[in-house]
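Shown next: my_file.cif, given as mmCIF, C-alpha atoms.
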```cif
data_coords
loop_
_atom_site.label_atom_id
_atom_site.label_comp_id
_atom_site.auth_asym_id
_atom_site.auth_seq_id
_atom_site.Cartn_x
_atom_site.Cartn_y
_atom_site.Cartn_z
CA MET J 1 26.37 11.43 2.22
CA SER J 2 22.65 11.06 1.69
CA SER J 3 20.47 14.14 2.03
CA LEU J 4 17.41 11.95 2.68
CA ASN J 5 16.48 12.01 6.37
CA LEU J 6 13.49 9.81 7.13
CA ASP J 7 13.14 11.38 10.58
CA ASP J 8 11.78 14.50 8.84
CA PHE J 9 8.53 12.64 8.13
CA THR J 10 7.70 12.60 11.84
CA ASP J 11 7.44 16.39 11.78
CA LEU J 12 5.95 16.68 8.30
CA ILE J 13 3.03 14.26 8.77
CA GLU J 14 0.04 15.56 10.70
CA ARG J 15 -2.98 13.55 11.72
CA PRO J 16 -6.26 14.09 9.83
CA ASP J 17 -8.08 17.08 11.32
CA GLY J 18 -9.57 16.00 14.66
CA GLY J 19 -11.75 19.10 14.94
CA VAL J 20 -13.27 18.46 11.54
CA ARG J 21 -13.90 14.86 12.50
CA ARG J 22 -15.82 16.00 15.57
CA ASP J 23 -17.84 18.35 13.35
CA ALA J 24 -18.58 15.42 11.01
CA GLU J 25 -19.67 13.30 13.98
CA ALA J 26 -21.95 16.11 15.19
CA ARG J 27 -23.46 16.44 11.72
CA ARG J 28 -24.04 12.69 11.62
CA GLU J 29 -25.95 12.96 14.91
CA ARG J 30 -28.36 15.37 13.21
CA GLN J 31 -29.06 13.27 10.13
CA ALA J 32 -32.32 11.48 9.50
CA VAL J 33 -30.89 7.95 9.70
CA PRO J 34 -29.80 7.26 13.30
CA PRO J 35 -26.03 7.07 13.92
CA GLY J 36 -24.73 3.52 14.09
CA THR J 37 -27.29 2.09 11.71
CA LEU J 38 -24.85 2.38 8.79
CA GLY J 39 -22.12 0.47 10.62
CA ARG J 40 -18.58 1.20 9.42
CA LEU J 41 -19.88 3.54 6.73
CA ASP J 42 -20.33 6.13 9.48
CA ASP J 43 -16.68 5.79 10.52
CA LEU J 44 -15.53 5.89 6.90
CA GLY J 45 -17.44 9.08 6.17
CA GLU J 46 -16.06 10.77 9.27
CA TRP J 47 -12.51 9.59 8.53
CA LEU J 48 -12.74 10.93 5.00
CA ALA J 49 -14.11 14.27 6.22
CA ALA J 50 -11.13 14.61 8.56
CA ALA J 51 -8.71 13.65 5.77
CA GLN J 52 -10.26 16.26 3.47
CA SER J 53 -10.73 18.79 6.29
CA ALA J 54 -14.25 19.32 4.95
CA VAL J 55 -17.79 19.04 6.38
CA PRO J 56 -19.84 17.91 4.64
CA VAL J 57 -17.38 15.50 3.11
CA ARG J 58 -16.64 15.90 -0.59
CA PRO J 59 -17.30 13.00 -2.97
CA VAL J 60 -14.33 10.93 -4.13
CA VAL J 61 -14.30 11.83 -7.82
CA ARG J 62 -10.67 11.40 -8.92
CA PRO J 63 -9.39 8.11 -7.51
CA ARG J 64 -6.47 6.34 -9.14
CA VAL J 65 -4.86 2.92 -8.93
CA VAL J 66 -1.07 3.11 -8.57
CA LEU J 67 0.85 -0.16 -9.01
CA PHE J 68 4.58 -0.41 -8.34
CA ALA J 69 6.25 -3.23 -10.27
CA GLY J 70 9.42 -5.22 -9.76
CA ASP J 71 11.09 -8.61 -9.98
CA HIS J 72 12.81 -10.23 -6.99
CA LYS J 73 15.71 -12.59 -7.56
CA VAL J 74 14.62 -14.67 -4.55
CA ALA J 75 11.95 -16.10 -6.90
CA GLU J 76 14.76 -18.18 -8.44
CA LEU J 77 14.51 -20.38 -5.33
CA GLY J 78 11.09 -21.60 -6.40
CA VAL J 79 9.13 -19.62 -3.81
CA SER J 80 6.52 -18.44 -6.30
CA ALA J 81 4.12 -20.17 -8.66
CA ARG J 82 5.18 -17.66 -11.31
CA PRO J 83 8.57 -17.92 -13.02
CA ALA J 84 11.36 -15.70 -11.77
CA GLY J 85 11.50 -12.52 -13.81
CA GLY J 86 7.85 -12.87 -14.82
CA ALA J 87 6.51 -9.58 -13.46
CA GLY J 88 7.05 -7.84 -16.79
CA GLU J 89 4.48 -10.13 -18.37
CA LEU J 90 2.00 -9.19 -15.61
CA VAL J 91 2.59 -5.52 -16.40
CA ARG J 92 1.99 -6.06 -20.11
CA GLU J 93 -1.25 -7.92 -19.35
CA VAL J 94 -2.44 -5.06 -17.13
CA LEU J 95 -1.65 -2.52 -19.82
CA ALA J 96 -3.49 -4.66 -22.38
CA GLY J 97 -6.58 -4.79 -20.17
CA ASN J 98 -6.35 -8.52 -19.52
CA ARG J 99 -5.89 -8.63 -15.75
CA PRO J 100 -8.54 -8.45 -13.00
CA VAL J 101 -7.37 -4.98 -11.99
CA SER J 102 -7.85 -3.80 -15.58
CA VAL J 103 -11.39 -5.16 -15.74
CA LEU J 104 -12.45 -3.69 -12.40
CA ALA J 105 -10.78 -0.36 -13.04
CA GLY J 106 -12.56 -0.12 -16.37
CA ARG J 107 -15.87 -0.98 -14.75
CA LEU J 108 -15.37 1.66 -12.05
CA ASP J 109 -13.85 4.21 -14.45
CA VAL J 110 -10.65 4.49 -12.43
CA PRO J 111 -7.35 5.09 -14.24
CA VAL J 112 -4.47 2.71 -13.56
CA ARG J 113 -0.87 3.88 -13.31
CA VAL J 114 1.95 1.32 -13.44
CA VAL J 115 5.41 2.31 -12.21
CA ASP J 116 8.31 0.01 -13.13
CA MET J 117 10.94 0.08 -10.39
CA ALA J 118 12.90 -3.13 -11.01
CA LEU J 119 11.37 -5.32 -13.71
CA ASP J 120 13.69 -7.92 -15.21
CA CYS J 121 13.00 -6.99 -18.81
CA ASP J 122 14.16 -4.54 -21.44
CA PRO J 123 12.79 -1.11 -20.44
CA GLU J 124 12.25 -0.31 -24.10
CA SER J 125 9.62 -3.06 -24.22
CA LEU J 126 7.41 -0.91 -21.98
CA PRO J 127 5.84 2.52 -22.47
CA ALA J 128 8.11 5.37 -21.40
CA GLU J 129 5.66 6.53 -18.73
CA VAL J 130 5.87 3.08 -17.12
CA ALA J 131 9.65 2.60 -17.19
CA GLY J 132 10.65 6.18 -16.42
CA HIS J 133 11.38 5.62 -12.71
CA ARG J 134 13.23 2.28 -12.96
CA VAL J 135 16.13 1.97 -10.52
CA ARG J 136 17.64 -1.34 -11.63
CA ARG J 137 16.83 -4.55 -13.48
CA GLY J 138 15.59 -7.03 -10.87
CA GLY J 139 16.55 -7.11 -7.19
CA GLY J 140 19.26 -8.95 -5.29
CA ARG J 141 18.55 -12.40 -3.81
CA ILE J 142 17.68 -11.30 -0.31
CA ASP J 143 18.52 -14.57 1.45
CA VAL J 144 22.20 -14.12 0.57
CA GLU J 145 22.67 -10.54 -0.68
CA ASP J 146 21.17 -7.08 -0.43
CA ALA J 147 18.23 -6.26 -2.65
CA LEU J 148 19.63 -2.80 -3.42
CA THR J 149 22.69 -0.67 -2.92
CA PRO J 150 22.23 2.31 -0.56
CA GLU J 151 22.19 4.63 -3.59
CA GLU J 152 19.54 2.54 -5.34
CA ALA J 153 17.42 2.46 -2.18
CA GLU J 154 17.49 6.24 -1.90
CA ALA J 155 16.66 6.61 -5.60
CA ALA J 156 13.71 4.20 -5.26
CA PHE J 157 12.41 5.94 -2.13
CA ARG J 158 12.63 9.33 -3.81
CA ALA J 159 10.87 7.93 -6.89
CA GLY J 160 7.97 6.85 -4.70
CA MET J 161 7.85 10.31 -3.14
CA ALA J 162 7.87 11.89 -6.60
CA VAL J 163 4.96 9.73 -7.77
CA ALA J 164 2.99 10.74 -4.64
CA ASP J 165 3.65 14.40 -5.41
CA GLU J 166 2.62 13.94 -9.03
CA GLU J 167 -0.67 12.35 -7.98
CA ALA J 168 -1.41 15.04 -5.39
CA ASP J 169 -0.54 17.82 -7.83
CA SER J 170 -2.78 16.33 -10.53
CA GLY J 171 -5.82 16.35 -8.24
CA THR J 172 -6.00 12.65 -7.34
CA ASP J 173 -8.20 12.58 -4.22
CA LEU J 174 -7.67 8.93 -3.21
CA VAL J 175 -5.19 6.24 -4.24
CA VAL J 176 -5.62 2.49 -4.40
CA LEU J 177 -2.07 1.20 -3.91
CA GLY J 178 -0.95 -2.21 -5.15
CA ASP J 179 1.99 -4.16 -6.54
CA LEU J 180 2.89 -6.20 -9.60
CA SER J 181 5.74 -8.46 -8.58
CA VAL J 182 7.17 -11.95 -8.58
CA GLY J 183 8.82 -12.72 -5.26
CA GLY J 184 7.37 -9.63 -3.65
CA THR J 185 5.37 -11.50 -1.02
CA THR J 186 8.59 -13.16 0.15
CA ALA J 187 10.26 -9.77 0.67
CA ALA J 188 7.09 -8.54 2.37
CA GLY J 189 7.15 -11.52 4.73
CA VAL J 190 10.70 -10.69 5.76
CA LEU J 191 9.81 -7.08 6.53
CA VAL J 192 6.75 -8.05 8.58
CA ALA J 193 8.62 -10.73 10.53
CA ALA J 194 11.51 -8.37 11.23
CA LEU J 195 9.34 -5.48 12.39
CA CYS J 196 6.96 -7.64 14.43
CA GLY J 197 9.73 -9.73 15.99
CA THR J 198 8.29 -13.05 14.88
CA ASP J 199 9.48 -16.20 13.10
CA ALA J 200 9.36 -16.89 9.39
CA SER J 201 6.66 -19.56 9.61
CA VAL J 202 4.24 -17.08 11.21
CA VAL J 203 4.27 -14.77 8.18
CA THR J 204 4.81 -17.15 5.27
CA GLY J 205 1.76 -17.39 3.03
CA ARG J 206 0.93 -19.08 -0.25
CA GLY J 207 1.11 -15.98 -2.46
CA GLY J 208 -1.26 -14.61 -5.08
CA LEU J 209 -1.03 -17.69 -7.31
CA PRO J 210 -1.07 -20.37 -4.58
CA ILE J 211 2.05 -22.50 -4.13
CA ASP J 212 2.22 -26.13 -3.01
CA ASP J 213 3.66 -27.39 0.27
CA LEU J 214 7.21 -27.85 -1.04
CA ALA J 215 7.29 -24.33 -2.44
CA TRP J 216 5.88 -23.04 0.86
CA MET J 217 8.76 -24.70 2.73
CA ARG J 218 11.28 -23.16 0.32
CA LYS J 219 9.63 -19.77 0.83
CA CYS J 220 9.71 -20.19 4.59
CA ALA J 221 13.44 -21.03 4.45
CA ALA J 222 14.16 -18.02 2.23
CA ILE J 223 12.32 -15.71 4.63
CA ARG J 224 14.18 -17.26 7.58
CA ASP J 225 17.56 -16.69 5.94
CA ALA J 226 16.71 -13.16 4.85
CA LEU J 227 15.39 -12.41 8.33
CA ARG J 228 18.83 -13.12 9.78
CA ARG J 229 20.20 -10.45 7.45
CA ALA J 230 17.40 -8.01 8.30
CA ARG J 231 17.63 -8.00 12.08
CA PRO J 232 20.99 -6.17 12.36
CA VAL J 233 19.64 -3.17 10.37
CA LEU J 234 16.24 -2.79 12.04
CA GLY J 235 17.19 0.64 13.38
CA ASP J 236 17.61 2.11 9.88
CA GLN J 237 14.45 1.75 7.81
CA LEU J 238 16.03 2.75 4.50
CA GLN J 239 18.85 0.24 5.06
CA LEU J 240 16.26 -2.39 5.97
CA LEU J 241 14.50 -1.82 2.65
CA ALA J 242 17.82 -1.94 0.80
CA THR J 243 18.77 -5.18 2.54
CA VAL J 244 15.59 -7.21 2.18
CA GLY J 245 12.95 -5.04 0.46
CA GLY J 246 13.66 -4.21 -3.15
CA ALA J 247 13.07 -1.19 -5.35
CA ASP J 248 9.30 -1.63 -5.66
CA LEU J 249 8.73 -2.02 -1.91
CA THR J 250 11.10 0.86 -1.17
CA ALA J 251 9.26 3.10 -3.62
CA MET J 252 5.89 2.11 -2.13
CA THR J 253 7.12 3.09 1.32
CA GLY J 254 8.24 6.47 0.04
CA PHE J 255 4.92 6.86 -1.76
CA LEU J 256 2.91 6.10 1.38
CA LEU J 257 4.84 8.52 3.55
CA GLN J 258 4.79 11.35 1.03
CA SER J 259 1.07 10.77 0.40
CA ALA J 260 0.54 11.27 4.13
CA VAL J 261 2.57 14.48 3.95
CA ARG J 262 0.38 15.65 1.06
CA LYS J 263 -2.80 14.53 2.92
CA THR J 264 -3.79 12.08 0.18
CA PRO J 265 -5.79 9.11 1.54
CA VAL J 266 -4.55 5.68 0.43
CA ILE J 267 -6.32 2.31 0.32
CA LEU J 268 -3.86 -0.53 0.97
CA ASP J 269 -4.36 -3.67 -1.08
CA GLY J 270 -2.58 -6.84 0.05
CA VAL J 271 0.39 -8.15 2.01
CA VAL J 272 3.02 -6.23 0.05
CA THR J 273 1.43 -2.83 0.62
CA ALA J 274 0.76 -3.77 4.26
CA ALA J 275 4.46 -4.57 4.76
CA CYS J 276 5.47 -1.24 3.24
CA ALA J 277 2.94 0.54 5.44
CA LEU J 278 4.45 -1.17 8.48
CA VAL J 279 7.87 0.22 7.55
CA GLY J 280 6.20 3.60 7.08
CA GLN J 281 4.66 3.40 10.53
CA ARG J 282 8.12 2.77 12.00
CA VAL J 283 9.32 5.95 10.26
CA ALA J 284 6.36 8.18 11.21
CA PHE J 285 3.83 6.94 13.78
CA ARG J 286 1.03 9.24 12.56
CA ALA J 287 1.22 8.05 8.94
CA PRO J 288 -1.23 5.09 9.24
CA ASP J 289 -4.03 7.55 10.08
CA TRP J 290 -4.08 8.35 6.34
CA TRP J 291 -4.48 4.74 5.21
CA LEU J 292 -7.34 2.25 4.94
CA ALA J 293 -6.95 -1.53 4.79
CA ALA J 294 -9.05 -2.72 1.87
CA HIS J 295 -9.50 -6.40 2.61
CA ASP J 296 -8.28 -9.51 4.39
CA SER J 297 -6.48 -11.55 1.76
CA GLY J 298 -5.82 -14.50 4.04
CA GLU J 299 -2.05 -13.90 3.93
CA PRO J 300 -0.70 -14.30 7.48
CA GLY J 301 1.88 -11.56 6.98
CA GLN J 302 -0.82 -9.10 6.02
CA ALA J 303 -2.90 -9.95 9.09
CA LYS J 304 0.15 -9.49 11.33
CA ALA J 305 1.02 -6.12 9.80
CA LEU J 306 -2.52 -4.75 9.91
CA ASP J 307 -2.92 -5.84 13.52
CA ARG J 308 0.31 -4.03 14.44
CA MET J 309 -1.00 -0.85 12.80
CA ALA J 310 -4.53 -1.28 14.26
CA LEU J 311 -6.04 -1.19 10.75
CA GLU J 312 -9.20 -3.24 10.31
CA PRO J 313 -9.90 -4.55 6.78
CA LEU J 314 -13.07 -3.29 5.14
CA LEU J 315 -13.80 -6.55 3.31
CA THR J 316 -13.14 -10.26 3.73
CA GLN J 317 -13.40 -11.88 0.33
CA GLY J 318 -10.25 -14.00 0.28
CA VAL J 319 -8.91 -12.19 -2.80
CA LYS J 320 -5.25 -13.14 -3.18
CA VAL J 321 -4.48 -11.94 -6.70
CA GLY J 322 -2.88 -8.67 -5.57
CA GLU J 323 -2.43 -5.95 -8.21
CA GLY J 324 -4.85 -3.62 -6.39
CA VAL J 325 -7.95 -5.78 -6.90
CA GLY J 326 -8.91 -5.85 -3.22
CA GLY J 327 -8.42 -2.10 -3.02
CA LEU J 328 -10.69 -1.54 -6.00
CA LEU J 329 -13.37 -3.72 -4.44
CA ALA J 330 -13.27 -1.51 -1.33
CA LEU J 331 -13.34 1.76 -3.27
CA PRO J 332 -17.14 1.83 -3.89
CA LEU J 333 -17.65 1.32 -0.16
CA VAL J 334 -15.59 4.45 0.57
CA GLN J 335 -17.42 6.39 -2.13
CA ALA J 336 -20.77 5.23 -0.73
CA ALA J 337 -19.76 6.37 2.75
CA ALA J 338 -18.88 9.82 1.39
CA SER J 339 -22.19 10.12 -0.45
CA LEU J 340 -24.25 9.08 2.57
CA ALA J 341 -22.37 11.42 4.91
CA ALA J 342 -22.83 14.35 2.54
CA GLU J 343 -26.32 13.80 1.19
CA LEU J 344 -28.48 12.36 3.97
CA PRO J 345 -30.74 15.19 5.17
CA GLU J 346 -30.48 16.68 8.61
CA VAL J 347 -33.60 16.68 10.80
CA SER J 348 -34.96 19.61 12.71
CA ASP J 349 -34.96 19.44 16.51
CA GLY J 350 -38.38 21.10 16.51
CA SER J 351 -37.28 24.34 18.20
CA GLU J 352 -37.85 27.56 16.29
#
```
Would you mind writing the file out in C-alpha cells?
Amino acid sequence: MSSLNLDDFTDLIERPDGGVRRDAEARRERQAVPPGTLGRLDDLGEWLAAAQSAVPVRPVVRPRVVLFAGDHKVAELGVSARPAGGAGELVREVLAGNRPVSVLAGRLDVPVRVVDMALDCDPESLPAEVAGHRVRRGGGRIDVEDALTPEEAEAAFRAGMAVADEEADSGTDLVVLGDLSVGGTTAAGVLVAALCGTDASVVTGRGGLPIDDLAWMRKCAAIRDALRRARPVLGDQLQLLATVGGADLTAMTGFLLQSAVRKTPVILDGVVTAACALVGQRVAFRAPDWWLAAHDSGEPGQAKALDRMALEPLLTQGVKVGEGVGGLLALPLVQAAASLAAELPEVSDGSE
C-alpha cells in the first residue's frame, strides 16, 4: 500500500503571509511614486514580499529554470509536428546551448536544470545528473492504455518532490518551471478537459511546433479517447496522472506542490505546466497562491486552466515553443518589481 497521501498537502501548504502583504502595501503607500502608477508591478512586489515573508522585499538573486522531460507514446498517432520519441534530441540541444531557453538563460545568467523522467532514449546517452530520476522509458499511449503503473506514478511524484526539496535546500529563491516533451501537450489537454469538465475540441491546440489541420483532428480524437479513460478516476489525482498524465507531468505536479510546501515561488511557463498546476490545485486549494502565470501562449488548454485557477498571465507574446522560454521572459519583470518595491524611497508626511 502506498504511503503517499496527497491529502496531506492541504494541511502542509499555507498561503503567503497576508500580514506581510499588508505591510508591503502600506510601505508602497509611503513611497515617492504614487501607488497604481506601476500597474501590475505593484501587485508583483507585494506578492513576492508575502511569499518571502519580508518587507522590504528581497531581490530575486538565485532563480533557476527546471525542465522536466519525457516522451509520450500518444505522439505515435501523429499528434505532434515532432517525431515520436524525439524529446531526447530536444534535451541534448538544450544541454548544448542550442535552444531558445539556453540562449535566454545564458543572457539572464540563470542556470538550467533538466530532469529526465521518461525519455525514449538510452539513459547512458545523457549526463548522470539529467537521467538520475528517470522512472521509465517513454509513457503509455493514453488513448488506449495507462501512461504509468501506480508504482511508477508514485515514484515520479516523489521525484518531483525531491527536486523541489533540492532546489529549496540549495537556496533557489524562484523557479521557472517548464517541460521538454513530445506529446506532452496532448496529455495536458486531457488533464485540463477532465478537470474543467469540457470537451476535447475546447482544449486542443496546435502545440509548440504548430501542426496542420489533419494533425489537429488526430490530436483532438486522441484527447477525446483519453478523456473517456480519465473521467472515471477524477477523484484520485495520482491515479489520474497515472492514467493520462505521464511521468514528466506527474513529477511536475509533485514539484509544484512541494515547492508550495517549501514556500518557493514558481513561474509557470506554458500549457503543460498549467495543466499540472490545475491538478495541484485540485489536491491543495491554497497551492496556486505560490505560482505566477508567465504568459499567454495562445494554447486554449492553457487559457482554460489559468482561468480556473484565477491566474492572470504577465505577458502576451504568443510564445509557443515551451521549454520555459515564456517563464524566462517574465522573470525580469518579477525582478524589476522586487527592485522597485525595495528601493523606491519613502516620502515624509511632513510631521515631526
**OP:** Please provide the set of residues having any atom within 12 Å of Glu93 of chain J, restricted to all atoms listed in the file, with same-chain residues fewer than 4 positions apart removed, written as a PyMOL selection string.
**Re:** chain J and resi 86-89+97-103+114+126+180+323
Original post:
Could you write out as a ChimeraX atom specification the residues that the PyMOL selection byres ((chain J and resi 79) around 6) matches in the shown file?
Top reply: /J:75,77-78,80,215,218-219
**OP:** Enter the distance from atom CA of Val321 of chain J to atom CA of Gly197 of chain J, in Å, rounded to one decimal.
**Re:** 26.9 Å
Subject >> Spatial neighbours of Thr149 of chain J, 9 Å, all atoms listed in the file, chain gap at least 4 places, as a ChimeraX atom specification >> reply: /J:153-154,239,242-243
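For the set J:Ala156, J:Ser259, J:Leu328, J:Glu167, the residue with the smallest atom-to-atom gap to Leu104 of chain J is J:Leu328, counting all atoms listed in the file.
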**OP:** May I have the residues at most 8 Å from (14.2, 4.9, 10.6) in the file's coordinates, counting all atoms listed in the file, as a PyMOL selection string?
**Re:** chain J and resi 6-7+235-238+282-283
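Residue selection for this entry, given the PyMOL selection byres ((chain J and resi 139) around 9), comprises Gly70, Asp71, His72, Lys73, Val74, Ala118, Leu119, Asp120, Arg136, Arg137, Gly138, Gly140, Arg141, Ile142, Asp146, Ala147, Leu148, Gly245, Gly246 and Ala247 of chain J.
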Original post:
Taking the file as shown, what set of residues would the PyMOL selection byres ((chain J and resi 20) around 8) give back, as a list in words?
Top reply: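 Those residues are Asp17, Gly18, Gly19, Arg21, Arg22, Asp23, Ala24, Ala49, Ala50, Ser53, Ala54 and Val55 of chain J.
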Subject >> Sel. within 10 Å of pt (-0.1, 10.6, -0.4), counting only C-alpha atoms, output as a list in words >> reply: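 Applying the cut-off with only C-alpha atoms, one gets Gly160, Met161, Val163, Ala164, Asp165, Glu166, Glu167, Ala168, Thr172, Asp173, Leu174, Val175, Gly254, Phe255, Leu256, Leu257, Gln258, Ser259, Ala260, Val261, Arg262, Lys263, Thr264, Pro265, Val266, Ala287, Trp290 and Trp291 of chain J.
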**OP:** Kindly indicate which residue among J:Asp11, J:Glu29, J:Asp179, J:Asp43 lies nearest to Val334 of chain J, using all atoms listed in the file for the distances.
**Re:**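 For Val334 of chain J, the nearest of the candidates is J:Asp43.
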